[in-house]
>>> print(open('model05.cif').read())   # mmCIF, C-alpha atoms
data_start
loop_
_atom_site.label_atom_id
_atom_site.label_comp_id
_atom_site.auth_asym_id
_atom_site.auth_seq_id
_atom_site.Cartn_x
_atom_site.Cartn_y
_atom_site.Cartn_z
CA MET F 30 160.11 77.86 109.50
CA THR F 31 159.65 79.81 112.75
CA ALA F 32 162.90 80.91 114.39
CA LEU F 33 163.96 79.14 117.58
CA ARG F 34 163.40 81.49 120.53
CA VAL F 35 166.61 81.57 122.59
CA LEU F 36 167.58 83.09 125.91
CA GLN F 37 171.27 83.94 126.36
CA VAL F 38 172.89 83.79 129.79
CA GLY F 39 176.07 85.85 129.95
CA ALA F 40 176.77 89.17 128.24
CA GLY F 41 180.50 89.57 128.85
CA GLY F 42 183.29 89.45 126.27
CA MET F 43 182.46 86.03 124.83
CA GLY F 44 178.78 86.80 125.31
CA ARG F 45 179.12 89.75 122.92
CA ALA F 46 180.51 87.45 120.24
CA TRP F 47 177.56 85.11 120.66
CA LEU F 48 175.06 87.98 120.63
CA GLY F 49 176.41 89.10 117.28
CA THR F 50 176.26 85.54 115.93
CA VAL F 51 172.69 85.06 117.14
CA ALA F 52 171.61 88.36 115.59
CA ALA F 53 173.02 87.27 112.23
CA ASP F 54 171.29 83.87 112.22
CA PRO F 55 167.76 83.91 110.75
CA ASP F 56 166.96 80.56 112.36
CA VAL F 57 167.12 81.94 115.90
CA GLU F 58 165.45 84.82 117.71
CA LEU F 59 167.03 86.34 120.81
CA VAL F 60 164.15 86.87 123.25
CA GLY F 61 166.09 87.73 126.41
CA ILE F 62 169.48 88.23 128.05
CA VAL F 63 170.31 87.08 131.59
CA ASP F 64 173.28 88.48 133.50
CA LEU F 65 173.97 89.21 137.15
CA ASP F 66 175.01 92.66 135.96
CA LEU F 67 171.89 94.24 134.45
CA ASP F 68 173.92 97.05 132.92
CA ALA F 69 175.95 94.43 131.04
CA ALA F 70 172.73 92.75 129.92
CA ARG F 71 171.32 96.05 128.65
CA ALA F 72 174.57 96.81 126.84
CA GLY F 73 174.34 93.33 125.33
CA ALA F 74 170.86 94.09 124.01
CA GLU F 75 172.18 97.22 122.36
CA HIS F 76 175.07 95.23 120.90
CA ALA F 77 172.53 92.76 119.48
CA GLY F 78 170.83 95.66 117.74
CA ASP F 79 167.65 95.84 119.83
CA PRO F 80 167.74 97.72 123.16
CA SER F 81 164.16 96.57 123.83
CA ILE F 82 165.22 92.91 124.31
CA PRO F 83 164.10 91.90 127.83
CA VAL F 84 166.86 91.47 130.40
CA GLY F 85 166.98 89.97 133.89
CA THR F 86 169.04 88.22 136.51
CA ASP F 87 166.97 85.02 136.85
CA LEU F 88 167.05 82.47 134.01
CA THR F 89 163.87 80.63 135.00
CA VAL F 90 161.80 83.79 135.44
CA LEU F 91 162.91 85.44 132.19
CA ALA F 92 162.52 82.20 130.23
CA ALA F 93 158.91 81.90 131.38
CA GLU F 94 158.17 85.57 130.66
CA THR F 95 159.62 85.45 127.14
CA GLY F 96 158.53 82.00 126.02
CA ALA F 97 162.12 80.94 125.40
CA GLN F 98 162.57 77.54 123.75
CA ALA F 99 166.30 77.10 124.39
CA VAL F 100 169.18 78.55 126.40
CA LEU F 101 172.69 79.63 125.42
CA ASP F 102 174.99 79.33 128.45
CA ILE F 103 177.83 81.79 127.74
CA THR F 104 178.94 82.26 131.34
CA VAL F 105 182.39 81.82 132.90
CA PRO F 106 183.38 78.15 133.44
CA VAL F 107 182.61 78.11 137.17
CA ALA F 108 178.97 78.99 136.40
CA HIS F 109 178.43 76.39 133.68
CA HIS F 110 177.12 73.67 136.00
CA PRO F 111 174.52 75.70 137.94
CA VAL F 112 173.29 77.64 134.91
CA THR F 113 172.96 74.63 132.62
CA LEU F 114 171.36 72.56 135.40
CA GLN F 115 168.79 75.30 136.02
CA ALA F 116 167.95 75.48 132.31
CA LEU F 117 167.60 71.71 131.91
CA HIS F 118 165.32 71.48 134.93
CA ALA F 119 163.27 74.33 133.45
CA GLY F 120 162.66 72.03 130.47
CA LEU F 121 164.95 73.86 128.04
CA PRO F 122 167.69 72.44 125.79
CA VAL F 123 171.06 74.11 126.25
CA LEU F 124 174.00 75.06 124.05
CA GLY F 125 176.93 75.95 126.32
CA GLU F 126 180.42 77.32 125.89
CA LYS F 127 183.27 74.93 126.59
CA PRO F 128 184.24 73.42 128.94
CA ALA F 129 181.05 71.51 129.74
CA ALA F 130 181.70 72.31 133.39
CA GLN F 131 184.53 73.22 135.72
CA THR F 132 185.23 69.54 136.55
CA VAL F 133 184.55 66.12 135.07
CA ALA F 134 182.33 65.35 138.09
CA GLU F 135 180.15 68.36 137.29
CA ALA F 136 180.07 67.38 133.61
CA LEU F 137 178.88 63.88 134.55
CA SER F 138 176.16 65.50 136.66
CA LEU F 139 175.04 67.47 133.61
CA ALA F 140 175.10 64.36 131.40
CA ALA F 141 172.86 62.59 133.92
CA ALA F 142 170.62 65.68 134.15
CA ALA F 143 170.21 65.65 130.37
CA GLU F 144 169.12 62.01 130.65
CA ALA F 145 166.74 62.71 133.54
CA THR F 146 165.09 65.71 131.87
CA GLY F 147 165.20 64.38 128.33
CA LYS F 148 166.66 67.70 127.16
CA LEU F 149 169.67 68.23 124.94
CA PHE F 150 172.85 69.68 126.39
CA MET F 151 175.39 70.40 123.67
CA VAL F 152 178.84 71.88 124.29
CA SER F 153 180.16 74.34 121.72
CA GLN F 154 183.66 73.10 120.89
CA SER F 155 183.71 75.87 118.33
CA ARG F 156 187.05 75.00 116.72
CA ARG F 157 185.61 71.71 115.49
CA TYR F 158 183.50 73.83 113.15
CA ASN F 159 186.27 74.46 110.65
CA ASP F 160 186.25 73.04 107.14
CA GLN F 161 190.06 72.89 107.10
CA LEU F 162 189.97 70.63 110.19
CA VAL F 163 187.36 68.47 108.45
CA ALA F 164 189.65 68.25 105.41
CA PHE F 165 192.64 67.43 107.63
CA ARG F 166 190.73 64.46 109.04
CA GLN F 167 190.03 63.32 105.49
CA HIS F 168 193.78 63.47 104.75
CA VAL F 169 194.54 61.53 107.95
CA ARG F 170 192.05 58.85 106.93
CA GLY F 171 194.20 58.28 103.84
CA LEU F 172 197.36 57.53 105.84
CA GLY F 173 196.51 53.95 106.74
CA ALA F 174 197.39 52.86 110.27
CA ILE F 175 198.17 55.95 112.37
CA GLY F 176 201.22 56.03 114.59
CA GLY F 177 201.16 59.57 115.93
CA LEU F 178 199.47 62.96 115.88
CA GLY F 179 200.97 66.18 117.18
CA THR F 180 199.92 69.77 117.85
CA ARG F 181 202.30 72.67 118.39
CA PHE F 182 200.59 75.79 119.77
CA ALA F 183 202.29 79.12 120.51
CA LYS F 184 200.43 82.40 121.16
CA ALA F 185 200.89 85.39 123.44
CA PRO F 186 197.46 86.97 124.12
CA HIS F 187 196.89 89.54 126.86
CA PHE F 188 193.27 88.93 127.80
CA GLY F 189 192.97 90.56 131.18
CA GLY F 190 190.01 89.40 133.25
CA PHE F 191 189.32 85.91 134.57
CA ARG F 192 191.67 84.01 132.26
CA GLU F 193 194.78 85.66 133.66
CA GLN F 194 193.73 84.55 137.15
CA MET F 195 192.76 80.94 136.30
CA ASP F 196 194.58 77.89 137.57
CA ASP F 197 195.97 75.79 134.70
CA VAL F 198 194.82 78.42 132.23
CA LEU F 199 196.36 76.91 129.10
CA LEU F 200 195.18 73.34 129.72
CA LEU F 201 191.67 74.22 130.83
CA ASP F 202 190.81 77.19 128.65
CA MET F 203 192.71 76.56 125.41
CA ALA F 204 194.27 73.10 125.16
CA ILE F 205 190.81 71.56 125.45
CA HIS F 206 190.20 72.74 121.86
CA ALA F 207 193.23 70.82 120.59
CA PHE F 208 192.42 67.78 122.74
CA ASP F 209 188.86 67.72 121.41
CA SER F 210 190.09 68.14 117.83
CA ALA F 211 192.56 65.28 118.32
CA ARG F 212 189.66 62.99 119.28
CA TYR F 213 187.82 64.19 116.17
CA VAL F 214 190.77 63.67 113.82
CA LEU F 215 191.80 60.28 115.22
CA GLU F 216 188.20 59.07 115.64
CA ARG F 217 189.33 57.38 118.84
CA ASP F 218 189.42 58.17 122.54
CA PRO F 219 192.33 58.60 124.97
CA VAL F 220 193.59 55.95 127.36
CA SER F 221 196.25 57.71 129.44
CA VAL F 222 198.46 60.81 129.65
CA TYR F 223 201.75 62.07 131.02
CA CYS F 224 201.93 65.86 131.21
CA GLU F 225 204.13 68.63 132.59
CA SER F 226 202.99 72.25 132.86
CA TRP F 227 204.87 75.34 134.00
CA ASN F 228 204.76 79.12 134.05
CA PRO F 229 207.74 80.89 132.43
CA SER F 230 209.26 83.71 134.46
CA TRP F 231 207.93 86.37 132.04
CA SER F 232 204.36 85.04 132.03
CA TRP F 233 201.54 87.50 132.80
CA TYR F 234 199.25 84.65 133.87
CA ARG F 235 198.87 83.51 137.48
CA GLY F 236 198.40 79.84 136.50
CA ASP F 237 200.64 77.70 134.30
CA ALA F 238 200.64 79.07 130.76
CA ALA F 239 202.77 76.36 129.12
CA ALA F 240 202.40 72.59 128.92
CA ALA F 241 203.66 69.47 127.14
CA ALA F 242 201.59 66.28 127.15
CA VAL F 243 201.80 62.80 125.64
CA PHE F 244 198.47 60.95 125.37
CA ALA F 245 198.11 57.28 124.56
CA PHE F 246 194.99 56.72 122.46
CA GLU F 247 193.15 53.57 121.53
CA ASP F 248 195.04 51.35 119.04
CA ASP F 249 198.35 52.41 120.60
CA ILE F 250 198.37 55.81 118.87
CA ARG F 251 200.25 58.67 120.53
CA TYR F 252 199.05 62.27 120.54
CA VAL F 253 201.61 64.91 121.57
CA TYR F 254 200.61 68.45 122.58
CA ASP F 255 203.23 71.20 123.00
CA GLY F 256 201.67 74.55 123.88
CA SER F 257 202.24 78.00 125.34
CA TRP F 258 200.09 81.06 125.88
CA CYS F 259 203.06 83.31 126.60
CA ALA F 260 205.16 82.70 123.47
CA PRO F 261 205.67 86.05 121.71
CA GLY F 262 207.16 85.96 118.23
CA ALA F 263 206.67 83.47 115.37
CA GLU F 264 203.27 82.52 116.73
CA THR F 265 201.24 79.63 115.36
CA SER F 266 197.63 79.81 114.25
CA TRP F 267 194.99 79.87 116.98
CA ASN F 268 194.25 76.33 115.80
CA GLY F 269 197.87 75.29 116.26
CA ASP F 270 200.17 73.51 113.83
CA TRP F 271 199.34 69.82 113.21
CA ARG F 272 201.20 66.75 111.89
CA ALA F 273 199.93 63.19 111.59
CA SER F 274 202.09 60.21 110.67
CA GLY F 275 200.78 56.91 109.33
CA ALA F 276 201.90 53.78 107.51
CA ALA F 277 201.26 55.38 104.11
CA GLY F 278 202.57 58.90 104.72
CA THR F 279 202.16 62.19 106.57
CA ALA F 280 199.42 64.84 106.77
CA LEU F 281 200.06 68.49 107.65
CA TRP F 282 197.87 71.43 108.65
CA ASP F 283 199.13 74.83 109.77
CA GLY F 284 195.74 75.78 111.26
CA ASP F 285 195.10 78.64 108.82
CA HIS F 286 195.30 77.14 105.34
CA ASP F 287 194.19 74.02 103.50
CA PRO F 288 195.85 70.85 104.79
CA SER F 289 197.93 68.49 102.68
CA SER F 290 199.30 64.97 102.78
CA ASP F 291 202.36 63.28 101.31
CA LEU F 292 201.86 59.58 100.54
CA ASP F 293 205.51 58.63 100.14
CA GLY F 294 206.09 61.23 97.44
CA THR F 295 202.57 61.45 96.05
CA ALA F 296 200.19 64.21 97.09
CA GLY F 297 197.12 62.92 98.88
CA THR F 298 193.74 63.70 97.30
CA PRO F 299 191.09 62.63 99.80
CA SER F 300 187.38 62.79 99.09
CA PRO F 301 185.79 66.10 100.09
CA ALA F 302 183.49 66.20 103.11
CA ALA F 303 180.41 68.27 103.86
CA SER F 304 180.97 71.74 105.33
CA ALA F 305 180.88 71.97 109.12
CA GLY F 306 180.20 75.70 109.20
CA HIS F 307 182.41 78.22 110.96
CA GLU F 308 183.22 78.27 114.69
CA ILE F 309 180.40 79.46 116.97
CA ALA F 310 178.07 80.08 114.02
CA GLY F 311 178.57 76.46 112.99
CA ALA F 312 177.91 75.27 116.54
CA LEU F 313 174.70 77.32 116.69
CA THR F 314 173.48 75.92 113.37
CA SER F 315 174.21 72.38 114.56
CA PHE F 316 172.33 73.00 117.82
CA VAL F 317 169.24 74.40 116.11
CA HIS F 318 169.17 71.44 113.72
CA ALA F 319 169.49 69.00 116.64
CA VAL F 320 166.69 70.66 118.61
CA ARG F 321 164.38 70.53 115.60
CA SER F 322 165.31 67.06 114.34
CA GLY F 323 166.04 65.18 117.56
CA GLU F 324 169.37 64.03 116.10
CA THR F 325 172.40 63.81 118.41
CA PRO F 326 174.89 66.55 117.45
CA ASP F 327 178.66 66.68 117.70
CA GLY F 328 179.33 68.11 121.15
CA GLU F 329 176.38 66.43 122.92
CA VAL F 330 177.51 66.28 126.53
CA HIS F 331 178.00 62.50 126.75
CA GLY F 332 180.35 62.62 123.77
CA ASN F 333 182.07 65.77 124.97
CA VAL F 334 182.96 64.67 128.51
CA MET F 335 186.03 62.78 127.30
CA SER F 336 187.62 66.02 126.05
CA LEU F 337 187.29 67.53 129.53
CA ALA F 338 188.59 64.26 131.02
CA MET F 339 191.73 64.71 128.92
CA VAL F 340 192.24 68.12 130.51
CA GLU F 341 191.59 66.90 134.05
CA ALA F 342 193.90 63.92 133.56
CA ALA F 343 196.65 66.17 132.17
CA ILE F 344 196.32 68.49 135.17
CA ALA F 345 196.44 65.51 137.54
CA SER F 346 199.61 64.34 135.83
CA THR F 347 201.27 67.72 136.31
CA ARG F 348 200.34 67.63 140.00
CA THR F 349 201.56 64.09 140.68
CA GLY F 350 204.36 63.68 138.17
CA GLN F 351 202.75 60.38 137.20
CA ARG F 352 201.09 58.88 134.13
CA ILE F 353 197.33 59.14 134.60
CA VAL F 354 194.83 56.58 133.32
CA ILE F 355 191.73 58.27 131.87
CA ASP F 356 189.30 55.62 133.16
CA GLU F 357 190.52 56.22 136.70
CA VAL F 358 189.72 59.94 136.28
CA LEU F 359 186.24 59.07 135.03
CA GLU F 360 185.49 56.63 137.84
CA ARG F 361 186.70 59.03 140.56
CA ALA F 362 184.60 61.78 139.03
CA HIS F 363 181.57 59.45 139.06
CA VAL F 364 181.99 58.86 142.79
CA GLU F 365 182.31 62.61 143.38
CA ALA F 366 179.26 63.35 141.25
CA LEU F 367 177.13 60.83 143.14
CA ALA F 368 178.22 62.21 146.50
CA ALA F 369 177.50 65.81 145.50
CA GLU F 370 174.22 65.31 143.61
CA ARG F 371 171.15 66.90 145.21
CA HIS F 372 168.54 66.06 142.57
CA ASP F 373 167.01 62.62 143.11
CA ALA F 374 166.30 61.89 139.45
CA VAL F 375 169.83 62.89 138.42
CA ARG F 376 171.36 60.80 141.22
CA ASP F 377 169.29 57.81 140.10
CA ARG F 378 170.65 58.17 136.58
CA LEU F 379 174.23 58.38 137.82
CA ALA F 380 173.72 55.36 140.09
CA ALA F 381 172.37 53.31 137.17
CA TRP F 382 175.55 53.73 135.13
CA GLY F 383 178.05 50.93 134.79
CA PRO F 384 181.64 51.79 133.79
CA VAL F 385 181.62 55.49 132.93
CA ARG F 386 183.31 55.13 129.56
CA GLU F 387 180.57 52.70 128.52
CA ALA F 388 177.82 54.97 129.87
CA LEU F 389 179.17 57.91 127.90
CA SER F 390 179.44 55.96 124.64
CA ALA F 391 176.03 54.27 124.82
CA PRO F 392 172.99 55.75 123.06
CA VAL F 393 171.61 58.58 125.17
CA PRO F 394 168.63 57.24 127.17
CA THR F 395 165.41 59.19 127.62
CA PRO F 396 163.21 59.43 130.72
#
>>> encode(input="model05.cif", output="structure tokens")
Amino acid sequence: MTALRVLQVGAGGMGRAWLGTVAADPDVELVGIVDLDLDAARAGAEHAGDPSIPVGTDLTVLAAETGAQAVLDITVPVAHHPVTLQALHAGLPVLGEKPAAQTVAEALSLAAAAEATGKLFMVSQSRRYNDQLVAFRQHVRGLGAIGGLGTRFAKAPHFGGFREQMDDVLLLDMAIHAFDSARYVLERDPVSVYCESWNPSWSWYRGDAAAAAVFAFEDDIRYVYDGSWCAPGAETSWNGDWRASGAAGTALWDGDHDPSSDLDGTAGTPSPAASAGHEIAGALTSFVHAVRSGETPDGEVHGNVMSLAMVEAAIASTRTGQRIVIDEVLERAHVEALAAERHDAVRDRLAAWGPVREALSAPVPTP
């Protein structure tokens, strides 16, 4: 089968990781690199193993020149909305780095743009592509009625660059992985959240690098997140440390090794599940399959918005000191998206929605 011709936008630190992944995947062909910094784009081409790969600063122009069939949006979060919107309106499906956009309102705009253009927009929640997480969900399924799920996360990375200058850096840039995985494991969506975030005196981040949140999920399940990005010593896995409690027992996963469950003294032995692949390589494989088959992948923007809504609701809770209802976040974002939208077809799609939660969970309409 002919390789899918992809254009990558963004050749920075994360862009380099994607360039290496694309180069190693026989089902895709990198036909161009877009970056505002042409030197970075040229260096990216060298990193991908082919300095002759075309580079440019304009997505639409380079896509037309190279015959690209899809776009990888590996830009910084603030650029996700304009870059993905440009690609969709150019008639190209998009696989983008998380978060879907900087705000829920922008993510709703992109969901409506995907509807209006009939093109796939998939968000790479790369930590969902982990066979140990898949196995953990299988263990949780064996616990009967679930009462609670918790994640403890403690790391101390010194990134430099944009992350150390972000507002709400932990919640927006890292906790979204855990929030998204919690939705995957529980197979339910959030209802409300109370959250506090803070920045310890020794933190090297400008924004809050620590947070504690309690989410209420459907069926009265609680999900508790306790995280820090400035916690040196005895660090957890990058995936965090997980515990689920149910009527029949408890499931555990340390984020690095195979999970387990204890069914009141008996080890759980759940049925195995199909492999999900590994992190961004798994996301890329899923995207290529979706483009070729027309199937809706994990991470399709309508399904992914709720993970970003969890982040935005948690941040709103830290600002107000109040419990935040997720549906209120979604409805406010819908109003903002309608007011800001400049594309008639996208605005028409947004205006046609009923309650946002229902619009996001319905089958994705086509033009």
>>> resolve_selection(input="model05.cif", expression="the PyMOL selection byres ((chain F and resi 41-54) around 10)", output="ChimeraX atom specification")
/F:32,35,37-40,55-59,62,64,66,69-70,72-79,101-105,126,190,309-311,313-314
>>> closest_residue(input="model05.cif", among="F:Glu341, F:Asp160, F:Glu144, F:Asp87", to="Asp197 (chain F)", atoms="all atoms listed in the file")
F:Glu341
>>> resolve_selection(input="model05.cif", expression="the PyMOL selection byres ((chain F and resi 271) around 9)", output="list in words")
Leu178, Gly179, Thr180, Arg181, Phe182, Asn268, Gly269, Asp270, Arg272, Ala273, Ala280, Leu281, Trp282, Asp283 and Gly284 of chain F
>>> resolve_selection(input="model05.cif", expression="the PyMOL selection byres ((chain F and resi 203-206) around 7)", output="count of residues only")
13
>>> residues_around(input="model05.cif", residues="Tyr158 (chain F)", least_positions_apart="6", cutoff="6 Å", atoms="all atoms listed in the file", output="list in words")
Ala305, Gly306, His307, Glu308 and Gly311 of chain F
>>> closest_residue(input="model05.cif", among="F:Asp218, F:Trp233, F:Thr298, F:Leu124", to="Pro261 (chain F)", atoms="only C-alpha atoms")
F:Trp233
